[in-house]
Amino acid sequence: MNITASDVNSLRQQTGLGMMDCKKALVEAEGNFEKAIEILRKKGQKVAANRTDKEAKEGLVIAKSTADGKRGVILTLNCETDFVAKTDGFISIAHKIAEIAVEKAPKTTEELKNLSFNGNGQTILDRITEEIGKIGEKIEISAFYILEAEKVFGYNHPGNKVASIVGLNKGGENIQEVAKDVAMQIAAMAPIAIDKNDVPKEIIEKEIEIGKEQARTEGKPEQMLEKIALGKLVRFYKDYTLLNQDFIKDNKKTVAQYLKESENGLTVTSFKRLALG
């Protein structure tokens with residue numbers, strides 16, 4: 001059967017796969033587009049099955065927010081090698097998935113994967129599977145979070161290895177730059193909670209035990225260990241809780257002080273940070 005370049009290009013536009021892969025699929029399908037798409041999908045599924053035990057630690061972290069700044073998403077799309085992570089195809093897929101996520105607001109990763117990718121019946125999972133067949137590497141959405149607030153800002157650190165989203169309790173144009181600053185703070189300083197009262201109990205208990213053991217190793221009296229450990233906990237709060245951290249643009253003030261100076265009553269309601277590795 002005569003398979004024209006136009007036929008191949010049309011299938012390529014639908015699937016995003018390479019010209020040779022599309023031509024082979026069309027030849028095998030005797031020109032039937034639906035069958036060719038199924039052949040390409042099965043190829044991807046076969047490769048995916050063979051890559052399940054492989055580690056996919058490279059990739060991209062993407063954060064996006066809606067135009068009105070009321071909702072944001074952050075996700076990690078992983079692959080096996082940095083080479084693939086830098087290809088135009090992989091980058092395009094990662095950003096498209098994030099755009100779909102922020103528009104459709106799925107609640108879970110599974111719900112996200114089952115959303116339409118291109119409006120032609122192909123889901124996000126289908127598109128990922130096709131790309132696996134094309135490049136021969138494991139690809140997966142390893143993390144996905146959605147956040148809603150009066151003001152949401154998504155920050156992508158250059159290179160897309162680290163990203164963050166932050167939600168503030170007040171909106172408005174004047175809050176945009178503040179939200180960006182706080183999102184950059186989160187990406188750079190990796191806080192684990194908004195304030196000290198938000199730190200999980202098990203982490204506090206672990207830090208107290210670490211503090212005690214350090215003091216014990218230093219030869220401090222047993223009756224002083226608890227007090228010393230609680231003193232170290234104060235430093236832990238300053239280093240790892242967002243509002244108590246030194247503001248990266250002016251270390252003479254905390255993030256909480258920066259927010260208060262920017263807008264009275266302004267604070268962080270939620271945040272999420274993702275990083276590769």
# chains A, B, ... in the order shown; residues from 1 in each chain; ligands from 1
$ residues_around --residues "Gln122 (chain A)" --least-positions-apart "5" --cutoff "12 Å" --atoms "only C-alpha atoms" --output "number ranges by chain"
A: 14-16, 34, 37-38, 41, 113-117, 127-130
$ write_last_selection --atoms "N, CA and C atoms" --output "short mmCIF file (atom, residue, chain, number, x, y, z; two decimals), in the first residue's frame"
data_model
loop_
_atom_site.label_atom_id
_atom_site.label_comp_id
_atom_site.auth_asym_id
_atom_site.auth_seq_id
_atom_site.Cartn_x
_atom_site.Cartn_y
_atom_site.Cartn_z
N GLN A 14 -0.67 13.70 15.27
CA GLN A 14 -1.60 13.13 16.24
C GLN A 14 -0.91 12.52 17.45
N THR A 15 0.25 11.89 17.21
CA THR A 15 0.91 11.13 18.28
C THR A 15 2.13 11.81 18.88
N GLY A 16 2.77 12.70 18.10
CA GLY A 16 4.00 13.33 18.59
C GLY A 16 5.22 12.45 18.45
N GLU A 34 -6.32 4.38 12.79
CA GLU A 34 -6.68 3.91 14.12
C GLU A 34 -5.85 2.69 14.51
N ILE A 37 -2.26 3.81 15.30
CA ILE A 37 -2.16 4.40 16.64
C ILE A 37 -2.13 3.30 17.69
N GLU A 38 -2.94 2.28 17.50
CA GLU A 38 -2.97 1.16 18.44
C GLU A 38 -1.63 0.40 18.43
N ARG A 41 0.80 2.45 20.35
CA ARG A 41 0.46 2.39 21.77
C ARG A 41 0.95 1.07 22.38
N LYS A 113 -3.60 11.37 35.18
CA LYS A 113 -3.14 10.52 34.08
C LYS A 113 -4.28 10.11 33.14
N ASN A 114 -5.50 10.13 33.65
CA ASN A 114 -6.64 9.72 32.82
C ASN A 114 -7.33 10.88 32.11
N LEU A 115 -6.81 12.10 32.30
CA LEU A 115 -7.35 13.26 31.59
C LEU A 115 -6.92 13.23 30.12
N SER A 116 -7.72 13.86 29.26
CA SER A 116 -7.41 13.93 27.84
C SER A 116 -6.15 14.75 27.60
N PHE A 117 -5.27 14.23 26.76
CA PHE A 117 -4.03 14.95 26.45
C PHE A 117 -4.20 15.88 25.25
N ARG A 127 -0.26 9.15 26.17
CA ARG A 127 0.83 9.94 25.55
C ARG A 127 2.18 9.59 26.18
N ILE A 128 2.20 9.39 27.49
CA ILE A 128 3.43 8.99 28.16
C ILE A 128 3.89 7.63 27.65
N THR A 129 2.93 6.72 27.51
CA THR A 129 3.25 5.37 27.02
C THR A 129 3.83 5.42 25.62
N GLU A 130 3.25 6.25 24.75
CA GLU A 130 3.78 6.41 23.40
C GLU A 130 5.21 6.94 23.43
#
$ select_by_dssp --residues "region 1-250 of chain A" --states "alpha helix (DSSP H)" --output "number ranges by chain"
A: 5-15, 19-28, 33-50, 82-85, 88-104, 109-113, 124-135, 176-189, 201-217, 225-240
$ write_last_selection --atoms "C-alpha atoms" --output "compact mmCIF listing (two decimals), in the first residue's frame"
# COMPACT_ATOMS: atom_id res chain seq x y z
CA ALA A 5 4.58 11.60 3.46
CA SER A 6 1.35 13.46 4.20
CA ASP A 7 -0.09 10.34 5.86
CA VAL A 8 3.02 9.93 7.98
CA ASN A 9 3.06 13.59 8.97
CA SER A 10 -0.63 13.46 9.91
CA LEU A 11 0.00 10.50 12.24
CA ARG A 12 3.05 12.26 13.63
CA GLN A 13 0.91 15.32 14.43
CA GLN A 14 -1.60 13.13 16.24
CA THR A 15 0.91 11.13 18.28
CA MET A 19 8.45 9.98 11.35
CA MET A 20 10.04 6.53 11.00
CA ASP A 21 7.98 5.08 13.87
CA CYS A 22 4.80 6.49 12.32
CA LYS A 23 5.67 5.20 8.84
CA LYS A 24 6.39 1.69 10.13
CA ALA A 25 3.11 1.68 12.06
CA LEU A 26 1.13 2.82 9.02
CA VAL A 27 2.76 0.19 6.81
CA GLU A 28 1.97 -2.53 9.36
CA PHE A 33 -4.82 5.34 11.13
CA GLU A 34 -6.68 3.91 14.12
CA LYS A 35 -4.83 0.62 13.82
CA ALA A 36 -1.51 2.45 13.45
CA ILE A 37 -2.16 4.40 16.64
CA GLU A 38 -2.97 1.16 18.44
CA ILE A 39 0.26 -0.41 17.14
CA LEU A 40 2.27 2.55 18.43
CA ARG A 41 0.46 2.39 21.77
CA LYS A 42 1.16 -1.33 22.15
CA LYS A 43 4.82 -0.74 21.33
CA GLY A 44 4.98 1.81 24.13
CA GLN A 45 3.22 -0.55 26.52
CA LYS A 46 5.69 -3.30 25.73
CA VAL A 47 8.69 -1.05 26.33
CA ALA A 48 7.07 0.31 29.51
CA ALA A 49 6.59 -3.22 30.83
CA ASN A 50 10.26 -3.96 30.20
CA ASP A 82 19.32 13.81 31.84
CA PHE A 83 19.79 13.61 28.06
CA VAL A 84 16.12 12.73 27.56
CA ALA A 85 15.03 15.33 30.15
CA ASP A 88 12.23 19.25 23.25
CA GLY A 89 9.72 16.40 23.18
CA PHE A 90 10.04 15.58 26.87
CA ILE A 91 9.97 19.26 27.89
CA SER A 92 6.87 19.84 25.77
CA ILE A 93 5.04 16.88 27.33
CA ALA A 94 5.93 17.97 30.88
CA HIS A 95 4.62 21.50 30.33
CA LYS A 96 1.49 20.26 28.55
CA ILE A 97 0.67 17.94 31.45
CA ALA A 98 1.10 20.83 33.90
CA GLU A 99 -1.16 23.06 31.78
CA ILE A 100 -3.86 20.39 31.70
CA ALA A 101 -3.52 19.85 35.45
CA VAL A 102 -3.88 23.50 36.36
CA GLU A 103 -6.91 23.85 34.06
CA LYS A 104 -8.76 20.67 35.04
CA THR A 109 -2.14 11.55 40.13
CA GLU A 110 -4.33 8.75 38.79
CA GLU A 111 -7.07 11.21 37.90
CA LEU A 112 -4.48 13.40 36.18
CA LYS A 113 -3.14 10.52 34.08
CA ILE A 124 -2.02 11.69 29.40
CA LEU A 125 -1.09 8.09 30.27
CA ASP A 126 -1.47 7.10 26.61
CA ARG A 127 0.83 9.94 25.55
CA ILE A 128 3.43 8.99 28.16
CA THR A 129 3.25 5.37 27.02
CA GLU A 130 3.78 6.41 23.40
CA GLU A 131 6.80 8.48 24.38
CA ILE A 132 8.24 5.50 26.26
CA GLY A 133 7.95 3.49 23.05
CA LYS A 134 9.69 6.26 21.14
CA ILE A 135 12.68 6.88 23.42
CA GLN A 176 2.22 39.23 43.03
CA GLU A 177 5.84 40.18 43.74
CA VAL A 178 5.55 39.17 47.38
CA ALA A 179 4.20 35.74 46.39
CA LYS A 180 7.10 35.34 43.95
CA ASP A 181 9.63 36.22 46.65
CA VAL A 182 8.16 33.69 49.07
CA ALA A 183 8.02 30.98 46.38
CA MET A 184 11.70 31.62 45.63
CA GLN A 185 12.42 31.42 49.37
CA ILE A 186 10.75 28.00 49.50
CA ALA A 187 12.71 26.73 46.49
CA ALA A 188 16.03 27.97 47.90
CA MET A 189 15.65 27.16 51.61
CA LYS A 201 5.08 15.73 66.24
CA GLU A 202 7.31 12.84 65.17
CA ILE A 203 9.85 15.25 63.64
CA ILE A 204 9.94 17.34 66.83
CA GLU A 205 10.48 14.22 68.94
CA LYS A 206 13.25 13.07 66.59
CA GLU A 207 15.02 16.44 66.76
CA ILE A 208 14.83 16.45 70.57
CA GLU A 209 16.40 12.99 70.68
CA ILE A 210 19.12 14.08 68.25
CA GLY A 211 19.79 17.16 70.41
CA LYS A 212 20.02 15.03 73.54
CA GLU A 213 22.41 12.58 71.92
CA GLN A 214 24.63 15.39 70.65
CA ALA A 215 24.77 16.92 74.11
CA ARG A 216 25.45 13.53 75.69
CA THR A 217 28.32 12.95 73.24
CA LEU A 225 20.13 17.19 78.16
CA GLU A 226 16.43 18.07 77.82
CA LYS A 227 17.06 21.79 78.24
CA ILE A 228 19.92 21.75 75.74
CA ALA A 229 17.86 19.79 73.22
CA LEU A 230 14.96 22.26 73.49
CA GLY A 231 17.42 25.09 72.85
CA LYS A 232 18.58 23.34 69.68
CA LEU A 233 14.93 22.95 68.69
CA VAL A 234 14.56 26.74 68.61
CA ARG A 235 17.35 26.85 66.03
CA PHE A 236 15.69 24.05 64.09
CA TYR A 237 12.46 26.08 63.86
CA LYS A 238 14.40 29.07 62.53
CA ASP A 239 16.15 27.00 59.91
CA TYR A 240 13.28 24.83 58.73
$ residues_around --residues "Gly154 (chain A)" --least-positions-apart "4" --cutoff "9 Å" --atoms "only C-alpha atoms" --output "PDB file with N, CA and C atoms, in the first residue's frame"
ATOM      1  N   ILE A  62       7.807  20.932  37.365  1.00  0.00           N
ATOM      2  CA  ILE A  62       7.079  22.060  36.771  1.00  0.00           C
ATOM      3  C   ILE A  62       6.022  22.580  37.738  1.00  0.00           C
ATOM      4  N   ALA A  63       5.997  23.903  37.911  1.00  0.00           N
ATOM      5  CA  ALA A  63       4.952  24.559  38.706  1.00  0.00           C
ATOM      6  C   ALA A  63       4.226  25.550  37.816  1.00  0.00           C
ATOM      7  N   LYS A  64       2.898  25.551  37.890  1.00  0.00           N
ATOM      8  CA  LYS A  64       2.097  26.500  37.107  1.00  0.00           C
ATOM      9  C   LYS A  64       0.916  26.969  37.938  1.00  0.00           C
ATOM     10  N   SER A  65       0.442  28.173  37.645  1.00  0.00           N
ATOM     11  CA  SER A  65      -0.755  28.679  38.317  1.00  0.00           C
ATOM     12  C   SER A  65      -1.711  29.243  37.273  1.00  0.00           C
ATOM     13  N   GLY A  72      -2.890  26.544  41.722  1.00  0.00           N
ATOM     14  CA  GLY A  72      -1.598  26.194  41.167  1.00  0.00           C
ATOM     15  C   GLY A  72      -1.344  24.708  41.297  1.00  0.00           C
ATOM     16  N   VAL A  73      -0.467  24.197  40.443  1.00  0.00           N
ATOM     17  CA  VAL A  73      -0.075  22.792  40.522  1.00  0.00           C
ATOM     18  C   VAL A  73       1.442  22.698  40.464  1.00  0.00           C
ATOM     19  N   ILE A  74       1.951  21.600  40.999  1.00  0.00           N
ATOM     20  CA  ILE A  74       3.371  21.299  40.892  1.00  0.00           C
ATOM     21  C   ILE A  74       3.484  19.800  40.674  1.00  0.00           C
ATOM     22  N   ALA A 163      11.222  23.295  41.960  1.00  0.00           N
ATOM     23  CA  ALA A 163      10.113  24.221  41.769  1.00  0.00           C
ATOM     24  C   ALA A 163       9.304  24.291  43.061  1.00  0.00           C
ATOM     25  N   SER A 164       8.485  25.329  43.171  1.00  0.00           N
ATOM     26  CA  SER A 164       7.657  25.485  44.369  1.00  0.00           C
ATOM     27  C   SER A 164       6.372  26.216  44.020  1.00  0.00           C
ATOM     28  N   ILE A 165       5.344  25.977  44.828  1.00  0.00           N
ATOM     29  CA  ILE A 165       4.125  26.773  44.764  1.00  0.00           C
ATOM     30  C   ILE A 165       3.793  27.216  46.178  1.00  0.00           C
ATOM     31  N   VAL A 166       3.233  28.415  46.277  1.00  0.00           N
ATOM     32  CA  VAL A 166       2.863  28.946  47.590  1.00  0.00           C
ATOM     33  C   VAL A 166       1.482  29.577  47.504  1.00  0.00           C
ATOM     34  N   ALA A 179       4.405  37.187  46.567  1.00  0.00           N
ATOM     35  CA  ALA A 179       4.205  35.743  46.392  1.00  0.00           C
ATOM     36  C   ALA A 179       5.400  35.126  45.666  1.00  0.00           C
ATOM     37  N   LYS A 180       5.917  35.823  44.673  1.00  0.00           N
ATOM     38  CA  LYS A 180       7.096  35.335  43.947  1.00  0.00           C
ATOM     39  C   LYS A 180       8.291  35.215  44.878  1.00  0.00           C
ATOM     40  N   ALA A 183       7.840  32.227  47.134  1.00  0.00           N
ATOM     41  CA  ALA A 183       8.020  30.980  46.385  1.00  0.00           C
ATOM     42  C   ALA A 183       9.502  30.716  46.129  1.00  0.00           C
TER      43      ALA A 183
END
$ atom_distance --atom1 "CA of Thr81 (chain A)" --atom2 "CA of Glu58 (chain A)"
5.5 Å
$ select_by_dssp --residues "region 7-234 of chain A" --states "strand (DSSP E)" --output "ChimeraX atom specification"
/A:58-65,71-79,140-148,151-156,162-168
$ atom_distance --atom1 "CA of Ala67 (chain A)" --atom2 "CA of Thr269 (chain A)"
19.4 Å
$ residues_around --residues "Gly69 (chain A)" --least-positions-apart "4" --cutoff "10 Å" --atoms "only C-alpha atoms" --output "PyMOL selection string"
chain A and resi 64-65+148-154+167+171-173+176
$ write_last_selection --atoms "C-alpha atoms" --output "mmCIF file, in the first residue's frame"
data_model
loop_
_atom_site.group_PDB
_atom_site.id
_atom_site.type_symbol
_atom_site.label_atom_id
_atom_site.label_comp_id
_atom_site.auth_asym_id
_atom_site.auth_seq_id
_atom_site.Cartn_x
_atom_site.Cartn_y
_atom_site.Cartn_z
ATOM 1 C CA LYS A 64 2.097 26.500 37.107
ATOM 2 C CA SER A 65 -0.755 28.679 38.317
ATOM 3 C CA GLU A 148 -5.805 26.713 46.002
ATOM 4 C CA ALA A 149 -5.707 30.039 47.854
ATOM 5 C CA GLU A 150 -6.501 33.727 47.481
ATOM 6 C CA LYS A 151 -3.108 34.087 45.793
ATOM 7 C CA VAL A 152 -1.096 31.186 44.373
ATOM 8 C CA PHE A 153 2.300 31.581 42.743
ATOM 9 C CA GLY A 154 4.383 28.895 41.057
ATOM 10 C CA GLY A 167 -0.588 30.055 48.663
ATOM 11 C CA GLY A 171 -4.782 38.438 46.624
ATOM 12 C CA GLY A 172 -4.408 41.505 44.457
ATOM 13 C CA GLU A 173 -1.824 42.847 42.012
ATOM 14 C CA GLN A 176 2.221 39.226 43.032
#
$ closest_residue --among "A:Lys253, A:Lys54, A:Lys161, A:Lys220" --to "Gly277 (chain A)" --atoms "only C-alpha atoms"
A:Lys161
$ atom_distance --atom1 "CA of Gln257 (chain A)" --atom2 "CA of Asn244 (chain A)"
8.8 Å
$ closest_residue --among "A:Leu259, A:Leu243, A:Ile248, A:Ile141" --to "Ile192 (chain A)" --atoms "only C-alpha atoms"
A:Leu243
$ closest_residue --among "A:Thr108, A:Asn120, A:Asn197, A:Asn169" --to "Thr267 (chain A)" --atoms "only C-alpha atoms"
A:Asn169
